[in-house]
Amino acid sequence: MDSSGQMRLRGIPAYIVMPDNASAVKKAAVAGYGGQITFCEPTLEAREATLARVVERTGATVVHPYNDERVIAGQGTAALELLEEIPDLDVIITPVGGGGLLSGTAIAAKGIKSGIRVIAGEPELADDAYRSLQAGEILPSIKPKTIADGLLTSLGTWTFPVIQQCVEQIVTVSERGIIDSMKFVWERLKIVIEPSAAVAVGVLWERKIDLTGLRVGVILSGGNVDLEKLPWNQ
């Protein structure tokens with residue numbers, strides 16, 4: 001359940017700013033949970049400007065999707081549960097967009113096992129996190145063109161320092177690699193994942209780094225898929 005669903009259970013109205021190119025299944029899910037959607041262009045500037053207008057109109061409290069220490073802590077619980085179940089992992093891989101899941105994973109994993117390696121996958125066509133880590137400063141995402149529509153955001157001021165300190169590297173994955181990885185997980189593991197989640201699998205699929213002989217955990221971060229537009233059928 002997303003945040004709008006949680007709000008509905010508590011009788012609190014939820015106002016959601018979404019890019020107009022978000023997948024139909026994500027739009028339908030948010031609306032179905034009772035979220036009041038305001039669409040914007042898929043750019044950082046448009047999102048922030050639209051959010052400001054919604055807050056001014058409604059007086060709502062902003063819950064940032066990733067650049068918030070509480071969100072980071074919450075997302076880190078996935079790694080906590082993974083390491084409780086499989087404590088002898090050598091590496092954990094997650095996707096990276098805004099960096100909430102990645103930074104939360106890094107904090108939790110390093111707190112439990114200081115020597116564990118934390119690696120992220122990112123689409124080649126939306127590689128701002130990779131470039132930011134190389135440059136030592138946040139470089140914004142500008143007109144990304146990837147099937148992984150959950151990873152179109154830029155890093156945040158809370159997430160970037162954690163990534164700099166705790167994440168070993170960010171590996172970029174091709175669009176073909178994202179699609180092939182997603183299809184592999186669907187066919188072999190019988191798990192429905194979306195392209196953004198498949199990016200983490202793509203790090204292994206494309207073998208751009210050598211993890212031979214290591215125990216690797218991959219966090220699958222979402223399953224919002226438009227069944228009418230599966231990427232291998234396009």
# chains A, B, ... in the order shown; residues from 1 in each chain; ligands from 1
>>> closest_atom_pairs(of="range 18-85 of chain A", to="range 142-152 of chain A", cutoff="10 Å", atoms="only C-alpha atoms", output="CSV")
residue,atom,partner,partner_atom,distance
A:Pro19,CA,A:Asp149,CA,9.6
A:Asn21,CA,A:Asp149,CA,8.3
A:Ala22,CA,A:Asp149,CA,6.7
A:Ser23,CA,A:Asp149,CA,7.6
A:Lys26,CA,A:Gly150,CA,10.0
A:Pro42,CA,A:Lys143,CA,7.7
A:Thr43,CA,A:Lys143,CA,7.0
A:Leu44,CA,A:Ile142,CA,8.3
>>> residues_around(residues="range 57-61 of chain A", least_positions_apart="2", cutoff="9 Å", atoms="only C-alpha atoms", output="tab-separated table (two decimals) with N, CA and C atoms, in the first residue's frame")
chain	number	residue	atom	x	y	z
A	13	PRO	N	-6.68	13.41	4.19
A	13	PRO	CA	-6.56	13.56	2.73
A	13	PRO	C	-5.09	13.53	2.31
A	14	ALA	N	-4.82	12.89	1.18
A	14	ALA	CA	-3.45	12.79	0.66
A	14	ALA	C	-3.41	13.42	-0.73
A	15	TYR	N	-2.50	14.36	-0.90
A	15	TYR	CA	-2.33	15.06	-2.18
A	15	TYR	C	-1.01	14.59	-2.79
A	52	ALA	N	4.78	23.10	-4.44
A	52	ALA	CA	4.62	24.36	-3.71
A	52	ALA	C	3.20	24.91	-3.86
A	53	ARG	N	2.64	24.79	-5.05
A	53	ARG	CA	1.28	25.29	-5.28
A	53	ARG	C	0.26	24.45	-4.51
A	54	VAL	N	0.46	23.13	-4.48
A	54	VAL	CA	-0.46	22.25	-3.75
A	54	VAL	C	-0.42	22.56	-2.25
A	55	VAL	N	0.78	22.76	-1.72
A	55	VAL	CA	0.93	23.06	-0.29
A	55	VAL	C	0.27	24.40	0.04
A	63	VAL	N	5.56	15.24	2.67
A	63	VAL	CA	6.28	13.99	2.95
A	63	VAL	C	7.08	13.68	1.71
>>> atom_distance(atom1="CA of Ala108 in chain A", atom2="CA of Gly76 in chain A")
5.6 Å
>>> closest_atom_pairs(of="range 74-124 of chain A", to="range 204-222 of chain A", cutoff="6 Å", atoms="only C-alpha atoms", output="Markdown table")
| residue | atom | partner | partner_atom | distance |
| --- | --- | --- | --- | --- |
| A:Leu89 | CA | A:Arg215 | CA | 5.0 |
| A:Asp90 | CA | A:Arg215 | CA | 5.2 |
| A:Val91 | CA | A:Val216 | CA | 4.7 |
| A:Ile92 | CA | A:Gly217 | CA | 4.7 |
| A:Ile93 | CA | A:Val218 | CA | 4.8 |
| A:Thr94 | CA | A:Ile219 | CA | 5.3 |
>>> write_last_selection(atoms="N, CA and C atoms", output="compact mmCIF listing (two decimals), in the first residue's frame")
# COMPACT_ATOMS: atom_id res chain seq x y z
N LEU A 89 25.76 -12.39 3.97
CA LEU A 89 25.90 -11.76 2.66
C LEU A 89 27.19 -10.95 2.59
N ASP A 90 27.78 -10.95 1.40
CA ASP A 90 28.97 -10.14 1.15
C ASP A 90 28.62 -8.80 0.49
N VAL A 91 27.54 -8.81 -0.28
CA VAL A 91 27.16 -7.64 -1.09
C VAL A 91 25.65 -7.49 -1.07
N ILE A 92 25.19 -6.25 -1.03
CA ILE A 92 23.77 -5.95 -1.25
C ILE A 92 23.68 -4.95 -2.41
N ILE A 93 22.75 -5.22 -3.33
CA ILE A 93 22.53 -4.35 -4.49
C ILE A 93 21.11 -3.81 -4.45
N THR A 94 20.97 -2.51 -4.68
CA THR A 94 19.65 -1.89 -4.82
C THR A 94 19.67 -1.00 -6.06
>>> residues_around(residues="Thr172 in chain A", least_positions_apart="2", cutoff="6 Å", atoms="only C-alpha atoms", output="compact mmCIF listing (two decimals) with N, CA and C atoms, in the first residue's frame")
# COMPACT_ATOMS: atom_id res chain seq x y z
N GLY A 121 22.44 -0.09 -8.79
CA GLY A 121 22.26 -0.11 -10.23
C GLY A 121 21.46 1.11 -10.65
N GLU A 122 21.81 1.67 -11.80
CA GLU A 122 21.14 2.86 -12.31
C GLU A 122 21.05 2.76 -13.83
N PRO A 123 19.94 3.20 -14.43
CA PRO A 123 19.84 3.14 -15.89
C PRO A 123 20.90 4.00 -16.57
N GLU A 124 21.46 3.49 -17.64
CA GLU A 124 22.43 4.27 -18.41
C GLU A 124 21.83 5.59 -18.90
>>> residues_around(residues="Leu83 in chain A", least_positions_apart="2", cutoff="10 Å", atoms="only C-alpha atoms", output="list in words")
Thr77, Ala78, Ala79, Leu80, Glu81, Glu85, Ile86, Pro87, Asp88, Leu89, Ile92, Ala108, Ala109, Ile112, Lys113 and Gly217 of chain A
>>> write_last_selection(atoms="N, CA and C atoms", output="PDB file, in the first residue's frame")
ATOM      1  N   THR A  77      14.801  -0.644   6.420  1.00  0.00           N
ATOM      2  CA  THR A  77      14.348  -1.862   7.094  1.00  0.00           C
ATOM      3  C   THR A  77      14.322  -3.067   6.160  1.00  0.00           C
ATOM      4  N   ALA A  78      14.270  -2.832   4.852  1.00  0.00           N
ATOM      5  CA  ALA A  78      14.329  -3.968   3.920  1.00  0.00           C
ATOM      6  C   ALA A  78      15.669  -4.687   4.049  1.00  0.00           C
ATOM      7  N   ALA A  79      16.755  -3.909   4.124  1.00  0.00           N
ATOM      8  CA  ALA A  79      18.079  -4.515   4.304  1.00  0.00           C
ATOM      9  C   ALA A  79      18.208  -5.160   5.678  1.00  0.00           C
ATOM     10  N   LEU A  80      17.613  -4.530   6.674  1.00  0.00           N
ATOM     11  CA  LEU A  80      17.635  -5.087   8.031  1.00  0.00           C
ATOM     12  C   LEU A  80      16.999  -6.473   8.045  1.00  0.00           C
ATOM     13  N   GLU A  81      15.835  -6.603   7.417  1.00  0.00           N
ATOM     14  CA  GLU A  81      15.152  -7.898   7.382  1.00  0.00           C
ATOM     15  C   GLU A  81      15.938  -8.910   6.555  1.00  0.00           C
ATOM     16  N   GLU A  85      17.633 -12.497   7.978  1.00  0.00           N
ATOM     17  CA  GLU A  85      17.340 -13.812   7.401  1.00  0.00           C
ATOM     18  C   GLU A  85      18.588 -14.469   6.815  1.00  0.00           C
ATOM     19  N   ILE A  86      19.448 -13.660   6.178  1.00  0.00           N
ATOM     20  CA  ILE A  86      20.661 -14.193   5.538  1.00  0.00           C
ATOM     21  C   ILE A  86      21.844 -13.328   5.997  1.00  0.00           C
ATOM     22  N   PRO A  87      22.395 -13.605   7.168  1.00  0.00           N
ATOM     23  CA  PRO A  87      23.417 -12.718   7.747  1.00  0.00           C
ATOM     24  C   PRO A  87      24.781 -12.764   7.082  1.00  0.00           C
ATOM     25  N   ASP A  88      25.065 -13.796   6.300  1.00  0.00           N
ATOM     26  CA  ASP A  88      26.412 -13.936   5.759  1.00  0.00           C
ATOM     27  C   ASP A  88      26.549 -13.385   4.339  1.00  0.00           C
ATOM     28  N   LEU A  89      25.758 -12.391   3.974  1.00  0.00           N
ATOM     29  CA  LEU A  89      25.899 -11.763   2.658  1.00  0.00           C
ATOM     30  C   LEU A  89      27.192 -10.952   2.586  1.00  0.00           C
ATOM     31  N   ILE A  92      25.187  -6.247  -1.026  1.00  0.00           N
ATOM     32  CA  ILE A  92      23.774  -5.948  -1.251  1.00  0.00           C
ATOM     33  C   ILE A  92      23.680  -4.955  -2.406  1.00  0.00           C
ATOM     34  N   ALA A 108      21.697   0.764   7.176  1.00  0.00           N
ATOM     35  CA  ALA A 108      21.302  -0.446   7.904  1.00  0.00           C
ATOM     36  C   ALA A 108      22.336  -1.555   7.746  1.00  0.00           C
ATOM     37  N   ALA A 109      22.770  -1.779   6.507  1.00  0.00           N
ATOM     38  CA  ALA A 109      23.705  -2.880   6.250  1.00  0.00           C
ATOM     39  C   ALA A 109      25.048  -2.647   6.924  1.00  0.00           C
ATOM     40  N   ILE A 112      24.966  -3.165  10.671  1.00  0.00           N
ATOM     41  CA  ILE A 112      24.924  -4.562  11.104  1.00  0.00           C
ATOM     42  C   ILE A 112      26.235  -5.280  10.804  1.00  0.00           C
ATOM     43  N   LYS A 113      26.792  -4.973   9.633  1.00  0.00           N
ATOM     44  CA  LYS A 113      27.983  -5.686   9.163  1.00  0.00           C
ATOM     45  C   LYS A 113      28.885  -4.683   8.449  1.00  0.00           C
ATOM     46  N   GLY A 217      22.968 -10.250  -2.181  1.00  0.00           N
ATOM     47  CA  GLY A 217      21.549 -10.036  -1.968  1.00  0.00           C
ATOM     48  C   GLY A 217      21.076  -8.875  -2.822  1.00  0.00           C
TER      49      GLY A 217
END
>>> select_by_dssp(residues="range 65-212 of chain A", states="strand (DSSP E or B)", output="ChimeraX atom specification")
/A:91-95,117-123,169-173
>>> write_last_selection(atoms="C-alpha atoms", output="short mmCIF file (atom, residue, chain, number, x, y, z; two decimals), in the first residue's frame")
data_model
loop_
_atom_site.label_atom_id
_atom_site.label_comp_id
_atom_site.auth_asym_id
_atom_site.auth_seq_id
_atom_site.Cartn_x
_atom_site.Cartn_y
_atom_site.Cartn_z
CA VAL A 91 27.16 -7.64 -1.09
CA ILE A 92 23.77 -5.95 -1.25
CA ILE A 93 22.53 -4.35 -4.49
CA THR A 94 19.65 -1.89 -4.82
CA PRO A 95 18.46 0.43 -7.58
CA ARG A 117 29.66 -4.00 0.19
CA VAL A 118 26.72 -1.86 -0.96
CA ILE A 119 26.33 -1.33 -4.71
CA ALA A 120 23.60 0.38 -6.74
CA GLY A 121 22.26 -0.11 -10.23
CA GLU A 122 21.14 2.86 -12.31
CA PRO A 123 19.84 3.14 -15.89
CA GLN A 169 29.89 2.18 -6.47
CA ILE A 170 27.01 2.80 -8.84
CA VAL A 171 26.83 0.59 -11.92
CA THR A 172 24.87 1.71 -14.98
CA VAL A 173 22.60 -0.77 -16.77
#
>>> residues_around(residues="Asn67 in chain A", least_positions_apart="6", cutoff="12 Å", atoms="only C-alpha atoms", output="list in words")
Ala73, Gly74, Gln75, Gly97, Gly98, Gly99, Gly100, Leu101, Leu102, Ser103, Gly104, Thr153, Ser154, Leu155, Gly156, Thr157, Trp158, Thr159, Phe160, Pro161 and Val162 of chain A
>>> closest_residue(among="A:Lys27, A:Val71, A:Glu45, A:Val17", to="Ser141 in chain A", atoms="only C-alpha atoms")
A:Glu45
>>> closest_residue(among="A:Met18, A:Ile107, A:Ala24, A:Val225", to="Val192 in chain A", atoms="only C-alpha atoms")
A:Val225
>>> select_by_dssp(residues="range 39-213 of chain A", states="helix (DSSP H, G or I)", output="ChimeraX atom specification")
/A:44-58,69-75,77-85,100-112,124-126,128-135,149-151,159-166,175-189,195-205
>>> atom_distance(atom1="CA of Leu9 in chain A", atom2="CA of Gly35 in chain A")
11.7 Å
>>> decode(residues="range 201-229 of chain A", atoms="N, CA and C atoms", output="mmCIF file, in the first residue's frame")
data_model
loop_
_atom_site.group_PDB
_atom_site.id
_atom_site.type_symbol
_atom_site.label_atom_id
_atom_site.label_comp_id
_atom_site.auth_asym_id
_atom_site.auth_seq_id
_atom_site.Cartn_x
_atom_site.Cartn_y
_atom_site.Cartn_z
ATOM 1 N N VAL A 201 18.873 -6.085 -10.540
ATOM 2 C CA VAL A 201 19.203 -7.391 -11.102
ATOM 3 C C VAL A 201 20.136 -7.228 -12.299
ATOM 4 N N GLY A 202 19.936 -6.148 -13.049
ATOM 5 C CA GLY A 202 20.742 -5.883 -14.236
ATOM 6 C C GLY A 202 22.231 -5.740 -13.958
ATOM 7 N N VAL A 203 22.562 -5.324 -12.745
ATOM 8 C CA VAL A 203 23.990 -5.248 -12.367
ATOM 9 C C VAL A 203 24.627 -6.620 -12.495
ATOM 10 N N LEU A 204 23.908 -7.654 -12.077
ATOM 11 C CA LEU A 204 24.405 -9.022 -12.196
ATOM 12 C C LEU A 204 24.260 -9.529 -13.624
ATOM 13 N N TRP A 205 23.152 -9.191 -14.256
ATOM 14 C CA TRP A 205 22.865 -9.688 -15.597
ATOM 15 C C TRP A 205 23.931 -9.259 -16.600
ATOM 16 N N GLU A 206 24.334 -8.011 -16.541
ATOM 17 C CA GLU A 206 25.299 -7.496 -17.517
ATOM 18 C C GLU A 206 26.760 -7.723 -17.112
ATOM 19 N N ARG A 207 26.978 -8.189 -15.915
ATOM 20 C CA ARG A 207 28.318 -8.601 -15.451
ATOM 21 C C ARG A 207 29.373 -7.519 -15.672
ATOM 22 N N LYS A 208 29.033 -6.294 -15.327
ATOM 23 C CA LYS A 208 29.995 -5.201 -15.493
ATOM 24 C C LYS A 208 31.009 -5.164 -14.352
ATOM 25 N N ILE A 209 30.693 -5.826 -13.258
ATOM 26 C CA ILE A 209 31.648 -5.949 -12.157
ATOM 27 C C ILE A 209 31.746 -7.421 -11.776
ATOM 28 N N ASP A 210 32.871 -7.799 -11.219
ATOM 29 C CA ASP A 210 33.124 -9.195 -10.891
ATOM 30 C C ASP A 210 32.715 -9.478 -9.450
ATOM 31 N N LEU A 211 31.657 -10.262 -9.274
ATOM 32 C CA LEU A 211 31.208 -10.664 -7.949
ATOM 33 C C LEU A 211 31.274 -12.180 -7.793
ATOM 34 N N THR A 212 32.145 -12.785 -8.573
ATOM 35 C CA THR A 212 32.285 -14.247 -8.561
ATOM 36 C C THR A 212 32.607 -14.754 -7.159
ATOM 37 N N GLY A 213 31.873 -15.776 -6.725
ATOM 38 C CA GLY A 213 32.141 -16.418 -5.448
ATOM 39 C C GLY A 213 31.584 -15.702 -4.236
ATOM 40 N N LEU A 214 30.930 -14.570 -4.433
ATOM 41 C CA LEU A 214 30.401 -13.801 -3.310
ATOM 42 C C LEU A 214 28.913 -14.088 -3.125
ATOM 43 N N ARG A 215 28.443 -13.928 -1.903
ATOM 44 C CA ARG A 215 27.020 -14.073 -1.602
ATOM 45 C C ARG A 215 26.375 -12.696 -1.759
ATOM 46 N N VAL A 216 25.492 -12.599 -2.728
ATOM 47 C CA VAL A 216 24.927 -11.304 -3.126
ATOM 48 C C VAL A 216 23.432 -11.280 -2.861
ATOM 49 N N GLY A 217 22.968 -10.250 -2.181
ATOM 50 C CA GLY A 217 21.549 -10.036 -1.968
ATOM 51 C C GLY A 217 21.076 -8.875 -2.822
ATOM 52 N N VAL A 218 19.930 -9.032 -3.474
ATOM 53 C CA VAL A 218 19.360 -7.983 -4.321
ATOM 54 C C VAL A 218 18.004 -7.583 -3.756
ATOM 55 N N ILE A 219 17.817 -6.309 -3.503
ATOM 56 C CA ILE A 219 16.530 -5.828 -3.013
ATOM 57 C C ILE A 219 15.660 -5.460 -4.208
ATOM 58 N N LEU A 220 14.539 -6.157 -4.341
ATOM 59 C CA LEU A 220 13.584 -5.903 -5.423
ATOM 60 C C LEU A 220 12.574 -4.870 -4.918
ATOM 61 N N SER A 221 12.569 -3.705 -5.539
ATOM 62 C CA SER A 221 11.963 -2.532 -4.914
ATOM 63 C C SER A 221 10.545 -2.202 -5.345
ATOM 64 N N GLY A 222 9.941 -2.955 -6.251
ATOM 65 C CA GLY A 222 8.583 -2.604 -6.631
ATOM 66 C C GLY A 222 8.045 -3.482 -7.745
ATOM 67 N N GLY A 223 6.715 -3.525 -7.848
ATOM 68 C CA GLY A 223 6.079 -4.360 -8.860
ATOM 69 C C GLY A 223 4.941 -3.661 -9.573
ATOM 70 N N ASN A 224 5.089 -2.344 -9.790
ATOM 71 C CA ASN A 224 4.055 -1.592 -10.512
ATOM 72 C C ASN A 224 4.261 -1.766 -12.011
ATOM 73 N N VAL A 225 3.471 -2.623 -12.606
ATOM 74 C CA VAL A 225 3.649 -2.964 -14.015
ATOM 75 C C VAL A 225 2.318 -2.842 -14.753
ATOM 76 N N ASP A 226 2.348 -2.176 -15.895
ATOM 77 C CA ASP A 226 1.185 -2.111 -16.769
ATOM 78 C C ASP A 226 1.162 -3.390 -17.599
ATOM 79 N N LEU A 227 0.261 -4.284 -17.285
ATOM 80 C CA LEU A 227 0.237 -5.585 -17.950
ATOM 81 C C LEU A 227 -0.135 -5.497 -19.416
ATOM 82 N N GLU A 228 -0.659 -4.365 -19.838
ATOM 83 C CA GLU A 228 -0.982 -4.170 -21.248
ATOM 84 C C GLU A 228 0.227 -3.697 -22.051
ATOM 85 N N LYS A 229 1.308 -3.337 -21.349
ATOM 86 C CA LYS A 229 2.476 -2.787 -22.042
ATOM 87 C C LYS A 229 3.759 -3.411 -21.506
#
